[in-house]
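Student: File upload.cif below, mmCIF, C-alpha atoms and all ligand atoms:
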data_target
loop_
_atom_site.label_atom_id
_atom_site.label_comp_id
_atom_site.auth_asym_id
_atom_site.auth_seq_id
_atom_site.Cartn_x
_atom_site.Cartn_y
_atom_site.Cartn_z
CA MET A 26 106.30 186.64 147.27
CA THR A 27 107.86 185.62 143.98
CA VAL A 28 107.52 182.16 142.46
CA LEU A 29 110.51 180.99 140.45
CA VAL A 30 109.56 178.70 137.58
CA PRO A 31 112.41 176.45 136.46
CA SER A 32 113.19 176.25 132.78
CA MET A 33 111.22 173.48 131.09
CA GLY A 34 112.63 173.70 127.61
CA GLU A 35 113.09 177.04 125.97
CA PHE A 36 109.45 178.15 126.18
CA GLY A 37 107.71 175.95 128.77
CA GLY A 38 108.93 177.89 131.80
CA ARG A 39 108.08 181.25 130.24
CA LEU A 40 104.53 180.24 129.39
CA LEU A 41 103.98 178.53 132.74
CA ALA A 42 105.13 181.66 134.56
CA ALA A 43 102.67 183.64 132.40
CA SER A 44 99.88 181.26 133.55
CA LEU A 45 100.77 181.92 137.18
CA ARG A 46 100.73 185.65 136.59
CA HIS A 47 97.29 185.21 134.98
CA VAL A 48 95.93 184.12 138.38
CA GLY A 49 97.69 186.93 140.21
CA VAL A 50 100.85 185.18 141.32
CA GLN A 51 104.08 187.09 140.84
CA ALA A 52 106.12 184.60 138.83
CA VAL A 53 109.49 184.71 137.10
CA ALA A 54 110.67 182.16 134.54
CA LEU A 55 114.27 181.13 135.06
CA PRO A 56 116.32 181.13 131.85
CA PRO A 57 117.47 177.82 130.34
CA PRO A 58 120.54 176.62 132.27
CA ALA A 59 124.07 176.30 130.92
CA GLU A 60 127.64 176.00 132.26
CA VAL A 61 127.23 178.59 135.05
CA GLU A 62 124.17 176.82 136.49
CA LEU A 63 125.91 173.45 136.16
CA ALA A 64 128.95 174.71 138.10
CA LEU A 65 126.80 176.36 140.81
CA GLY A 66 124.64 173.24 141.15
CA ARG A 67 127.64 170.93 141.31
CA GLY A 68 129.05 173.03 144.12
CA GLU A 69 126.05 172.12 146.27
CA VAL A 70 125.50 168.41 145.58
CA SER A 71 127.56 165.25 145.78
CA CYS A 72 127.45 164.91 141.95
CA LYS A 73 125.73 161.53 142.22
CA GLU A 74 122.39 163.29 141.86
CA CYS A 75 120.49 163.46 138.60
CA LEU A 76 121.43 166.21 136.14
CA PRO A 77 117.99 167.92 136.28
CA LEU A 78 118.41 168.40 140.04
CA VAL A 79 121.93 169.82 139.63
CA LEU A 80 120.73 172.28 136.99
CA THR A 81 117.60 173.37 138.84
CA VAL A 82 119.60 173.95 142.05
CA GLY A 83 122.15 175.92 140.00
CA SER A 84 119.40 177.99 138.35
CA MET A 85 117.87 178.89 141.69
CA LEU A 86 121.26 179.87 143.16
CA ARG A 87 122.16 181.97 140.12
CA TYR A 88 118.90 183.89 140.40
CA VAL A 89 119.46 184.48 144.11
CA ARG A 90 123.02 185.69 143.56
CA GLU A 91 122.56 187.79 140.46
CA GLN A 92 119.00 189.07 140.44
CA TRP A 93 117.33 188.86 143.81
CA ASP A 94 117.44 191.94 146.01
CA GLY A 95 116.93 189.84 149.14
CA ASN A 96 113.52 191.33 149.92
CA GLY A 97 110.34 189.28 150.18
CA ILE A 98 110.04 185.52 149.88
CA LEU A 99 111.28 183.41 146.99
CA ILE A 100 109.41 180.21 146.24
CA ASP A 101 110.94 177.71 143.89
CA PHE A 102 108.28 175.86 141.91
CA MET A 103 109.21 172.20 141.91
CA PRO A 104 106.89 169.43 140.73
CA GLU A 105 107.25 166.06 142.42
CA THR A 106 106.26 162.48 141.87
CA SER A 107 106.53 159.17 143.67
CA GLY A 108 107.51 155.90 142.05
CA PRO A 109 110.83 154.22 141.50
CA CYS A 110 113.09 157.24 141.14
CA ARG A 111 114.54 160.27 142.89
CA PHE A 112 112.31 163.02 141.54
CA GLY A 113 110.31 163.07 144.76
CA GLN A 114 113.41 164.19 146.64
CA TYR A 115 114.21 167.22 144.48
CA ASN A 116 112.13 169.63 146.55
CA VAL A 117 113.59 168.24 149.80
CA MET A 118 117.12 168.76 148.48
CA MET A 119 116.24 172.23 147.25
CA ARG A 120 115.10 173.26 150.73
CA GLU A 121 118.27 171.76 152.24
CA VAL A 122 120.46 173.73 149.86
CA ALA A 123 118.58 176.94 150.70
CA ALA A 124 119.01 176.23 154.44
CA ARG A 125 122.72 175.50 154.01
CA GLN A 126 123.19 178.75 152.17
CA GLY A 127 121.42 180.63 154.95
CA LEU A 128 118.60 181.65 152.58
CA ARG A 129 115.87 181.87 155.18
CA ASN A 130 113.38 183.46 152.80
CA VAL A 131 113.75 180.87 150.08
CA THR A 132 111.51 177.81 149.99
CA THR A 133 109.80 175.48 147.50
CA ILE A 134 106.29 174.74 146.44
CA SER A 135 105.48 171.29 145.07
CA LEU A 136 102.58 169.92 143.13
CA THR A 137 102.52 166.18 142.73
CA SER A 138 101.85 163.97 139.71
CA GLU A 139 99.81 161.72 142.02
CA ASN A 140 96.79 163.99 141.61
CA GLY A 141 97.65 165.34 138.16
CA TYR A 142 99.44 168.40 139.64
CA ALA A 143 96.19 169.74 141.10
CA GLY A 144 96.32 172.36 143.85
CA PHE A 145 96.40 175.84 142.31
CA GLY A 146 92.74 175.87 141.29
CA ALA A 147 90.87 175.22 138.06
CA LYS A 148 91.61 178.60 136.47
CA PHE A 149 95.36 178.10 136.79
CA ALA A 150 95.12 174.42 135.80
CA LEU A 151 93.51 175.33 132.48
CA ARG A 152 95.99 178.13 131.73
CA ALA A 153 98.91 175.91 132.66
CA TRP A 154 97.58 173.20 130.37
CA LEU A 155 97.32 175.67 127.48
CA ALA A 156 100.85 176.85 128.27
CA VAL A 157 102.16 173.29 128.14
CA VAL A 158 100.44 172.48 124.85
CA ILE A 159 101.51 175.76 123.20
CA SER A 160 105.13 175.35 124.30
CA ASP A 161 105.21 171.74 123.04
CA VAL A 162 103.89 172.91 119.68
CA MET A 163 106.29 175.86 119.46
CA ASP A 164 109.24 173.60 120.29
CA ASP A 165 108.39 171.37 117.32
CA ILE A 166 107.81 174.36 115.06
CA ARG A 167 111.21 175.77 115.94
CA SER A 168 112.81 172.44 115.16
CA ALA A 169 111.00 172.23 111.79
CA MET A 170 111.87 175.82 110.99
CA MET A 171 115.58 175.14 111.49
CA VAL A 172 115.41 172.42 108.86
CA LEU A 173 113.04 174.02 106.37
CA ALA A 174 113.37 177.82 106.52
CA ALA A 175 114.87 179.44 103.42
CA ASP A 176 116.02 182.40 105.51
CA LEU A 177 116.57 181.24 109.10
CA PRO A 178 117.33 184.63 110.74
CA ALA A 179 114.14 186.13 109.23
CA ALA A 180 112.14 183.07 110.29
CA THR A 181 113.57 183.27 113.82
CA LEU A 182 112.47 186.89 114.08
CA ILE A 183 108.89 185.98 113.14
CA PHE A 184 108.98 183.06 115.57
CA GLU A 185 110.25 185.15 118.50
CA THR A 186 107.72 187.94 117.85
CA GLN A 187 104.84 185.47 117.86
CA LEU A 188 106.13 183.74 120.97
CA VAL A 189 106.25 187.01 122.91
CA ARG A 190 102.67 187.79 121.77
CA MET A 191 101.46 184.40 122.94
CA GLU A 192 103.25 184.76 126.27
CA ARG A 193 101.55 188.11 126.83
CA SER A 194 98.21 186.69 125.76
CA VAL A 195 98.47 183.68 128.11
CA GLU A 196 99.06 186.15 130.93
CA THR A 197 96.42 188.76 130.22
CA ASP A 198 93.80 187.69 127.66
CA SER A 199 90.50 185.88 127.85
CA LEU A 200 90.33 182.42 126.25
CA LEU A 201 88.59 183.85 123.22
CA LYS A 202 91.24 186.48 122.68
CA LEU A 203 94.02 183.97 123.25
CA ARG A 204 92.49 181.80 120.55
CA ARG A 205 92.57 184.74 118.14
CA VAL A 206 96.23 185.38 119.00
CA LEU A 207 97.05 181.73 118.28
CA HIS A 208 95.31 181.88 114.91
CA ALA A 209 97.19 185.07 114.03
CA ALA A 210 100.50 183.49 115.10
CA ALA A 211 99.79 180.41 112.98
CA ARG A 212 99.12 182.63 109.95
CA GLU A 213 102.45 184.44 110.45
CA LEU A 214 104.35 181.19 110.90
CA ALA A 215 102.70 179.68 107.81
CA GLY A 216 104.13 182.61 105.84
CA ILE A 217 107.74 181.61 106.59
CA ARG A 218 109.49 180.91 103.30
CA ARG A 219 110.62 177.28 103.03
CA LYS A 220 113.19 175.53 100.92
CA SER A 221 111.50 172.12 101.33
CA GLU A 222 108.44 170.53 102.92
CA LEU A 223 108.19 168.84 106.29
CA LYS A 224 106.76 165.62 104.83
CA ASP A 225 109.98 165.16 102.82
CA ALA A 226 112.43 165.59 105.74
CA PRO A 227 113.91 162.62 107.62
CA LYS A 228 112.34 162.55 111.09
CA VAL A 229 113.66 161.49 114.47
CA ALA A 230 111.64 161.22 117.67
CA LEU A 231 113.49 162.43 120.76
CA VAL A 232 112.10 160.55 123.76
CA GLY A 233 113.32 159.82 127.29
CA GLU A 234 113.55 161.69 130.56
CA ILE A 235 111.18 164.66 130.56
CA TYR A 236 113.61 167.38 131.66
CA VAL A 237 116.72 166.61 129.60
CA ARG A 238 114.84 165.83 126.40
CA ARG A 239 113.45 169.40 126.44
CA ASP A 240 116.53 171.24 127.72
CA GLY A 241 118.96 172.48 125.07
CA PHE A 242 122.04 172.37 127.33
CA SER A 243 121.28 168.92 128.78
CA ARG A 244 120.72 167.43 125.36
CA GLN A 245 123.89 169.16 124.13
CA HIS A 246 121.97 171.03 121.42
CA LEU A 247 121.13 167.81 119.63
CA VAL A 248 118.09 169.30 117.93
CA GLU A 249 120.12 172.13 116.41
CA ARG A 250 122.88 169.74 115.37
CA LEU A 251 120.51 167.33 113.68
CA SER A 252 118.72 170.16 111.94
CA LEU A 253 122.04 171.13 110.32
CA GLU A 254 122.03 167.60 108.90
CA GLY A 255 118.54 168.19 107.51
CA VAL A 256 116.86 165.97 110.12
CA PHE A 257 113.67 167.15 111.83
CA VAL A 258 113.54 166.24 115.52
CA ARG A 259 110.13 165.81 117.16
CA THR A 260 110.56 165.95 120.91
CA ALA A 261 108.08 163.94 122.96
CA PRO A 262 105.66 166.52 124.42
CA VAL A 263 105.36 167.47 128.08
CA ALA A 264 101.59 167.06 127.59
CA GLU A 265 102.19 163.34 127.14
CA TRP A 266 103.61 163.15 130.68
CA ILE A 267 100.60 165.02 132.07
CA HIS A 268 98.21 162.66 130.26
CA TYR A 269 100.22 159.80 131.71
CA CYS A 270 99.94 161.23 135.25
CA ASP A 271 96.15 161.41 134.80
CA TYR A 272 96.14 157.89 133.40
CA ILE A 273 97.96 156.33 136.36
CA VAL A 274 95.59 158.06 138.78
CA GLN A 275 92.56 156.72 136.86
CA LYS A 276 94.03 153.22 136.68
CA ARG A 277 94.99 153.33 140.37
CA LEU A 278 98.65 152.75 139.60
CA VAL A 279 99.82 155.38 142.10
CA ALA A 280 100.30 154.80 145.81
CA LYS A 281 97.36 157.03 146.74
CA SER A 282 94.52 157.32 144.26
CA ALA A 283 91.74 159.15 146.08
CA PRO A 284 88.23 158.97 144.52
CA MET A 285 88.14 162.77 144.45
CA ASP A 286 91.38 162.89 142.44
CA ARG A 287 90.02 160.33 139.99
CA LEU A 288 86.83 162.31 139.52
CA ARG A 289 88.79 165.54 139.08
CA GLY A 290 91.07 163.83 136.55
CA ARG A 291 88.11 162.59 134.52
CA LEU A 292 86.45 165.99 134.50
CA SER A 293 89.65 167.81 133.63
CA GLY A 294 90.25 165.37 130.75
CA TRP A 295 86.93 166.39 129.21
CA VAL A 296 88.06 170.00 129.31
CA LYS A 297 91.74 169.57 128.45
CA ASP A 298 91.53 167.24 125.47
CA PRO A 299 89.46 169.51 123.18
CA PHE A 300 91.80 172.43 123.91
CA GLU A 301 94.80 170.31 123.00
CA THR A 302 93.20 169.11 119.77
CA ALA A 303 92.20 172.67 118.88
CA ILE A 304 95.68 174.13 119.46
CA GLN A 305 97.41 171.33 117.56
CA GLY A 306 94.90 171.80 114.73
CA ILE A 307 95.54 175.56 114.53
CA PHE A 308 99.29 175.03 114.17
CA ALA A 309 99.07 172.01 111.87
CA GLU A 310 97.95 174.55 109.26
CA THR A 311 101.40 176.16 109.32
CA GLY A 312 103.01 173.23 107.52
CA LEU A 313 105.65 173.27 110.28
CA PHE A 314 103.91 171.04 112.77
CA ILE A 315 102.64 167.47 112.84
CA PRO A 316 100.15 166.82 115.69
CA HIS A 317 101.28 164.35 118.34
CA ASP A 318 99.18 161.38 119.24
CA THR A 319 99.29 161.62 123.04
CA ARG A 320 96.93 158.75 123.81
CA VAL A 321 98.95 157.11 126.56
CA GLU A 322 96.82 153.95 126.72
CA ARG A 323 98.15 153.08 123.28
CA MET A 324 101.76 153.51 124.46
CA VAL A 325 101.26 151.65 127.72
CA GLN A 326 99.54 148.85 125.81
CA ALA A 327 102.38 148.64 123.27
CA ALA A 328 104.97 148.50 126.07
CA SER A 329 103.01 146.09 128.26
CA GLY A 330 104.59 142.97 126.70
CA LEU A 331 107.99 144.24 127.81
CA VAL A 332 107.39 146.17 131.01
CA SER A 333 104.57 146.04 133.54
CA PRO A 334 102.31 149.13 133.64
CA ARG A 335 102.75 148.95 137.41
CA LEU A 336 106.32 150.19 137.01
CA THR A 337 105.15 153.76 136.67
CA GLY A 338 107.35 156.50 135.23
CA GLU A 339 109.21 157.31 132.09
CA THR A 340 110.33 153.74 131.29
CA VAL A 341 106.88 152.78 130.04
CA LEU A 342 106.51 155.95 127.99
CA THR A 343 109.97 155.69 126.42
CA ILE A 344 109.37 152.09 125.39
CA GLY A 345 105.78 152.76 124.33
CA ALA A 346 106.66 155.84 122.26
CA THR A 347 109.55 154.05 120.54
CA LEU A 348 107.37 151.07 119.64
CA THR A 349 104.44 153.12 118.40
CA GLU A 350 106.32 155.82 116.48
CA LEU A 351 109.29 154.12 114.87
CA VAL A 352 108.70 153.40 111.16
CA GLU A 353 105.04 154.50 111.11
CA SER A 354 105.74 158.14 112.14
CA VAL A 355 109.51 158.64 112.30
CA ASP A 356 112.64 157.19 110.71
CA GLY A 357 114.56 156.81 113.97
CA VAL A 358 114.29 157.20 117.74
CA LEU A 359 116.79 158.88 120.06
CA ALA A 360 116.23 158.19 123.75
CA ILE A 361 118.00 160.54 126.13
CA GLY A 362 118.36 160.35 129.89
CA PRO A 363 120.54 161.88 132.59
CA PHE A 364 123.63 159.91 133.55
CA GLY A 365 122.64 157.12 135.92
CA CYS A 366 118.89 157.70 135.48
CA MET A 367 117.19 154.46 136.42
CA PRO A 368 114.10 154.68 134.19
CA ALA A 369 116.32 155.61 131.22
CA ARG A 370 118.66 152.67 131.84
CA ILE A 371 115.80 150.19 132.13
CA SER A 372 114.23 151.35 128.88
CA GLU A 373 117.59 151.25 127.09
CA ALA A 374 118.33 147.72 128.34
CA ILE A 375 114.93 146.49 127.16
CA LEU A 376 114.83 148.27 123.82
CA VAL A 377 118.35 147.35 122.76
CA LYS A 378 117.47 143.65 123.19
CA LYS A 379 113.83 143.51 122.21
CA LEU A 380 112.97 146.38 119.90
CA GLU A 381 112.82 144.62 116.52
CA LYS A 382 111.06 141.48 117.71
CA HIS A 383 108.45 143.38 119.69
CA LYS A 384 107.95 146.03 117.02
CA LEU A 385 106.68 143.33 114.69
CA VAL A 386 104.22 142.17 117.37
CA VAL A 387 102.72 145.60 118.14
CA ALA A 388 103.15 147.37 114.78
CA GLY A 389 100.27 149.57 113.67
CA ASP A 390 101.10 148.76 110.04
CA ARG A 391 102.69 145.32 110.10
CA ASN A 392 103.15 145.10 106.34
CA LEU A 393 105.08 148.33 106.23
CA VAL A 394 107.26 147.36 109.19
CA ARG A 395 108.01 143.96 107.62
CA LYS A 396 109.04 145.56 104.35
CA VAL A 397 111.32 148.05 106.12
CA MET A 398 112.87 145.38 108.30
CA LYS A 399 113.70 143.27 105.27
CA SER A 400 116.35 145.79 104.29
CA HIS A 401 116.96 147.14 107.82
CA PRO A 402 116.90 144.26 110.30
CA ALA A 403 118.27 146.64 112.98
CA LEU A 404 115.97 149.67 113.27
CA PRO A 405 117.53 153.09 114.04
CA PHE A 406 117.39 153.44 117.82
CA LEU A 407 120.01 155.12 119.96
CA SER A 408 120.06 155.70 123.70
CA ILE A 409 122.28 158.48 125.09
CA GLU A 410 123.13 159.54 128.63
CA THR A 411 124.04 163.11 129.44
CA ASP A 412 125.83 164.61 132.44
CA GLY A 413 126.08 168.18 131.16
CA ASN A 414 129.50 167.70 129.55
CA VAL A 415 130.07 167.40 125.81
CA PHE A 416 129.36 163.91 124.52
CA PRO A 417 132.39 161.60 124.46
CA GLN A 418 133.81 160.44 121.12
CA LEU A 419 132.08 157.07 121.42
CA VAL A 420 128.65 158.72 121.60
CA GLU A 421 129.53 161.01 118.69
CA SER A 422 130.45 157.99 116.54
CA ARG A 423 127.24 156.21 117.50
CA LEU A 424 125.29 159.31 116.65
CA GLU A 425 126.90 159.43 113.22
CA ALA A 426 126.08 155.78 112.55
CA PHE A 427 122.52 156.37 113.80
CA LEU A 428 122.02 159.28 111.39
CA MET A 429 123.25 157.15 108.51
CA GLN A 430 120.69 154.47 109.44
CA VAL A 431 117.95 157.12 109.72
CA ARG A 432 118.64 158.39 106.20
CA ARG A 433 118.59 154.86 104.81
CA VAL A 434 115.28 154.00 106.48
CA HIS A 435 113.89 157.32 105.25
CA ARG A 436 114.86 156.45 101.66
CA THR A 437 113.34 152.99 101.98
CA LEU A 438 110.09 154.36 103.39
CA ARG A 439 109.83 156.91 100.58
CA SER A 440 110.29 154.21 97.97
CA ILE A 441 107.59 152.05 99.61
CA ARG A 442 105.06 154.82 100.19
S1 LIG A 501 113.70 160.15 136.08
FE1 LIG A 501 115.89 159.82 136.13
S2 LIG A 501 116.74 161.85 136.18
FE2 LIG A 501 114.61 162.08 136.75
S3 LIG A 501 114.65 161.92 138.97
FE3 LIG A 501 114.28 159.88 138.21
S4 LIG A 501 116.30 158.93 138.14
FE4 LIG A 501 116.59 161.15 138.27
#
How would this structure read if it were set down as structure tokens?
Tutor:
Amino acid sequence: MTVLVPSMGEFGGRLLAASLRHVGVQAVALPPPAEVELALGRGEVSCKECLPLVLTVGSMLRYVREQWDGNGILIDFMPETSGPCRFGQYNVMMREVAARQGLRNVTTISLTSENGYAGFGAKFALRAWLAVVISDVMDDIRSAMMVLAADLPAATLIFETQLVRMERSVETDSLLKLRRVLHAAARELAGIRRKSELKDAPKVALVGEIYVRRDGFSRQHLVERLSLEGVFVRTAPVAEWIHYCDYIVQKRLVAKSAPMDRLRGRLSGWVKDPFETAIQGIFAETGLFIPHDTRVERMVQAASGLVSPRLTGETVLTIGATLTELVESVDGVLAIGPFGCMPARISEAILVKKLEKHKLVVAGDRNLVRKVMKSHPALPFLSIETDGNVFPQLVESRLEAFLMQVRRVHRTLRSIR
């Protein structure tokens, strides 16, 4: 049996597959999707489905056609969730596509957010958590490196070498040895020659739907494009979503919140949080990474004046992250969602109307926000939808105007601080 792990950003799938191999499961990480996967996926759906589904279907089909020898059983790893969106139907659709294609030995395995994706055992859960945190960190480091490195090809070589070492270590090493590998990687990354410092770069938070915000093709290589403009993009971490899944179980905001799941969530939090803090701390030393504050209570609280916590899903997190990060941590916020994504549209509708007024109510540093808003009554926030095609001219123009606003706010903040 082979488990196929869909791409979750450039590194997430690779490290998650390594975690599965650590517990003896034969797992293969699917490469990040692009045009071929989009075309294959579109051939199997009505095209009204969400972009992440189209791309994951396409990725599975491409693997089957180009790499699978037809022997054994292929299991597509597909997380699911309930709540007000279509994510819960992805695995159903995946099985239907496999049946339609006559792929009798292809099926899916689903873990659900309703119990914090439990089900593969504690050993895997811890490895998977480390994989998620490391890949979040490495994503940010890559983004910083693209803005700051004096010699980008040389820096990329160091980055890739360290990533491969970490991947191998997640798969084979003990926790102690993995920790040593992470320290060694951080030392190598810290040695990358820089032309400027991270604290001086304009910063944008990329928030929104969890799949497209991490996927280079879905986000139309926004991170790379902004880095060419000297802007550092901090993508909202996948770990934040996992914290949120735990949070809604604890707060009984999911349809089924079994006492056992709540207890397991509480226990796993005690184990997971110190590992996350430790990994973020190791890489903060590189000068290429700023630790994320993934306390979801803070975000849910900030968003609660605009959207009920009972509407579970990415809407709350997108609104909460925008309200908590803008001005205090970043100079602008880009929210991205697949075309027609309901949570993304709700958060856009609310933020476009209410951002400035509500920001003043929930600001961590009200004085600072007031001063910034004196010269920038409209804060830099842009919401973008993606369907896998290049952005239309209108979006490009908005993006240009957004970047101009970001640079202005950055200058204002530097003069105040
Ligand atoms: S969050 Fe958006 S893109 Fe993801 S399944 Fe729900 S509606 Fe689709």
Student: 9 Å from ligand LIG 501 (chain A) is the threshold here; counting all atoms listed in the file, which polymer residues fall inside it? Answer as a VMD selection string.
Tutor: chain A and resid 74 to 78 106 108 to 115 233 to 237 338 to 340 362 to 370
Student: For the selection you just gave me, I'd like the residues written to a file as a compact mmCIF listing (two decimals), in the coordinates of the input, keeping C-alpha atoms.
Tutor:
# COMPACT_ATOMS: atom_id res chain seq x y z
CA GLU A 74 122.39 163.29 141.86
CA CYS A 75 120.49 163.46 138.60
CA LEU A 76 121.43 166.21 136.14
CA PRO A 77 117.99 167.92 136.28
CA LEU A 78 118.41 168.40 140.04
CA THR A 106 106.26 162.48 141.87
CA GLY A 108 107.51 155.90 142.05
CA PRO A 109 110.83 154.22 141.50
CA CYS A 110 113.09 157.24 141.14
CA ARG A 111 114.54 160.27 142.89
CA PHE A 112 112.31 163.02 141.54
CA GLY A 113 110.31 163.07 144.76
CA GLN A 114 113.41 164.19 146.64
CA TYR A 115 114.21 167.22 144.48
CA GLY A 233 113.32 159.82 127.29
CA GLU A 234 113.55 161.69 130.56
CA ILE A 235 111.18 164.66 130.56
CA TYR A 236 113.61 167.38 131.66
CA VAL A 237 116.72 166.61 129.60
CA GLY A 338 107.35 156.50 135.23
CA GLU A 339 109.21 157.31 132.09
CA THR A 340 110.33 153.74 131.29
CA GLY A 362 118.36 160.35 129.89
CA PRO A 363 120.54 161.88 132.59
CA PHE A 364 123.63 159.91 133.55
CA GLY A 365 122.64 157.12 135.92
CA CYS A 366 118.89 157.70 135.48
CA MET A 367 117.19 154.46 136.42
CA PRO A 368 114.10 154.68 134.19
CA ALA A 369 116.32 155.61 131.22
CA ARG A 370 118.66 152.67 131.84
Student: Could you pull the residues within 10 Å of Thr181 (chain A), counting all atoms listed in the file, minus those fewer than 5 positions along the same chain, as a list in words?
Tutor: Arg167, Met170, Met171, Ala174, Asp176, Thr186, Gln187, Leu214 and Ile217 of chain A
Student: Once you count only C-alpha atoms, what closest atom pair and distance in Å to one decimal does each residue of region 160-223 of chain A within 12 Å of region 313-328 of chain A have, with rows by chain and rising residue number, as JSON lines?
Tutor:
{"residue": "A:Asp161", "atom": "CA", "partner": "A:His317", "partner_atom": "CA", "distance": 9.6}
{"residue": "A:Val162", "atom": "CA", "partner": "A:Phe314", "partner_atom": "CA", "distance": 7.2}
{"residue": "A:Met163", "atom": "CA", "partner": "A:Phe314", "partner_atom": "CA", "distance": 8.6}
{"residue": "A:Asp164", "atom": "CA", "partner": "A:Phe314", "partner_atom": "CA", "distance": 9.6}
{"residue": "A:Asp165", "atom": "CA", "partner": "A:Phe314", "partner_atom": "CA", "distance": 6.4}
{"residue": "A:Ile166", "atom": "CA", "partner": "A:Leu313", "partner_atom": "CA", "distance": 5.4}
{"residue": "A:Arg167", "atom": "CA", "partner": "A:Leu313", "partner_atom": "CA", "distance": 8.3}
{"residue": "A:Ser168", "atom": "CA", "partner": "A:Leu313", "partner_atom": "CA", "distance": 8.7}
{"residue": "A:Ala169", "atom": "CA", "partner": "A:Leu313", "partner_atom": "CA", "distance": 5.7}
{"residue": "A:Met170", "atom": "CA", "partner": "A:Leu313", "partner_atom": "CA", "distance": 6.8}
{"residue": "A:Met171", "atom": "CA", "partner": "A:Leu313", "partner_atom": "CA", "distance": 10.2}
{"residue": "A:Val172", "atom": "CA", "partner": "A:Leu313", "partner_atom": "CA", "distance": 9.9}
{"residue": "A:Leu173", "atom": "CA", "partner": "A:Leu313", "partner_atom": "CA", "distance": 8.4}
{"residue": "A:Ala174", "atom": "CA", "partner": "A:Leu313", "partner_atom": "CA", "distance": 9.7}
{"residue": "A:Ala180", "atom": "CA", "partner": "A:Leu313", "partner_atom": "CA", "distance": 11.8}
{"residue": "A:Phe184", "atom": "CA", "partner": "A:Leu313", "partner_atom": "CA", "distance": 11.6}
{"residue": "A:Ala211", "atom": "CA", "partner": "A:Leu313", "partner_atom": "CA", "distance": 9.6}
{"residue": "A:Arg212", "atom": "CA", "partner": "A:Leu313", "partner_atom": "CA", "distance": 11.4}
{"residue": "A:Glu213", "atom": "CA", "partner": "A:Leu313", "partner_atom": "CA", "distance": 11.6}
{"residue": "A:Leu214", "atom": "CA", "partner": "A:Leu313", "partner_atom": "CA", "distance": 8.0}
{"residue": "A:Ala215", "atom": "CA", "partner": "A:Leu313", "partner_atom": "CA", "distance": 7.5}
{"residue": "A:Gly216", "atom": "CA", "partner": "A:Leu313", "partner_atom": "CA", "distance": 10.5}
{"residue": "A:Ile217", "atom": "CA", "partner": "A:Leu313", "partner_atom": "CA", "distance": 9.4}
{"residue": "A:Arg218", "atom": "CA", "partner": "A:Leu313", "partner_atom": "CA", "distance": 11.0}
{"residue": "A:Arg219", "atom": "CA", "partner": "A:Leu313", "partner_atom": "CA", "distance": 9.7}
{"residue": "A:Ser221", "atom": "CA", "partner": "A:Leu313", "partner_atom": "CA", "distance": 10.8}
{"residue": "A:Glu222", "atom": "CA", "partner": "A:Leu313", "partner_atom": "CA", "distance": 8.3}
{"residue": "A:Leu223", "atom": "CA", "partner": "A:Leu313", "partner_atom": "CA", "distance": 6.5}
Student: Restricting it to C-alpha atoms, dump the selection as a short mmCIF file (atom, residue, chain, number, x, y, z; two decimals), keeping the file's coordinate frame.
Tutor:
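Saved the output as out.cif:
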data_model
loop_
_atom_site.label_atom_id
_atom_site.label_comp_id
_atom_site.auth_asym_id
_atom_site.auth_seq_id
_atom_site.Cartn_x
_atom_site.Cartn_y
_atom_site.Cartn_z
CA ASP A 161 105.21 171.74 123.04
CA VAL A 162 103.89 172.91 119.68
CA MET A 163 106.29 175.86 119.46
CA ASP A 164 109.24 173.60 120.29
CA ASP A 165 108.39 171.37 117.32
CA ILE A 166 107.81 174.36 115.06
CA ARG A 167 111.21 175.77 115.94
CA SER A 168 112.81 172.44 115.16
CA ALA A 169 111.00 172.23 111.79
CA MET A 170 111.87 175.82 110.99
CA MET A 171 115.58 175.14 111.49
CA VAL A 172 115.41 172.42 108.86
CA LEU A 173 113.04 174.02 106.37
CA ALA A 174 113.37 177.82 106.52
CA ALA A 180 112.14 183.07 110.29
CA PHE A 184 108.98 183.06 115.57
CA ALA A 211 99.79 180.41 112.98
CA ARG A 212 99.12 182.63 109.95
CA GLU A 213 102.45 184.44 110.45
CA LEU A 214 104.35 181.19 110.90
CA ALA A 215 102.70 179.68 107.81
CA GLY A 216 104.13 182.61 105.84
CA ILE A 217 107.74 181.61 106.59
CA ARG A 218 109.49 180.91 103.30
CA ARG A 219 110.62 177.28 103.03
CA SER A 221 111.50 172.12 101.33
CA GLU A 222 108.44 170.53 102.92
CA LEU A 223 108.19 168.84 106.29
#
Student: Let me make sure I understand: among A:Leu155, A:Gly34, A:Ser372, A:Pro58, which one has the smallest atom-to-atom distance to Val296 (chain A) if we use all atoms listed in the file?
Tutor: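 Of all the options, A:Leu155 lies closest to Val296 (chain A).
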Student: Give me the residues near region 401-412 of chain A as a short mmCIF file (atom, residue, chain, number, x, y, z; two decimals) with C-alpha atoms, keeping the file's coordinate frame, where near means some atom within 7 Å (using all atoms listed in the file) and where sequence neighbours in that chain fewer than 3 positions away do not count.
Tutor:
data_model
loop_
_atom_site.label_atom_id
_atom_site.label_comp_id
_atom_site.auth_asym_id
_atom_site.auth_seq_id
_atom_site.Cartn_x
_atom_site.Cartn_y
_atom_site.Cartn_z
CA LEU A 76 121.43 166.21 136.14
CA SER A 243 121.28 168.92 128.78
CA ARG A 244 120.72 167.43 125.36
CA GLY A 357 114.56 156.81 113.97
CA VAL A 358 114.29 157.20 117.74
CA LEU A 359 116.79 158.88 120.06
CA ALA A 360 116.23 158.19 123.75
CA ILE A 361 118.00 160.54 126.13
CA GLY A 362 118.36 160.35 129.89
CA PRO A 363 120.54 161.88 132.59
CA PHE A 364 123.63 159.91 133.55
CA GLU A 373 117.59 151.25 127.09
CA GLU A 381 112.82 144.62 116.52
CA VAL A 397 111.32 148.05 106.12
CA MET A 398 112.87 145.38 108.30
CA PHE A 427 122.52 156.37 113.80
CA GLN A 430 120.69 154.47 109.44
CA VAL A 431 117.95 157.12 109.72
#
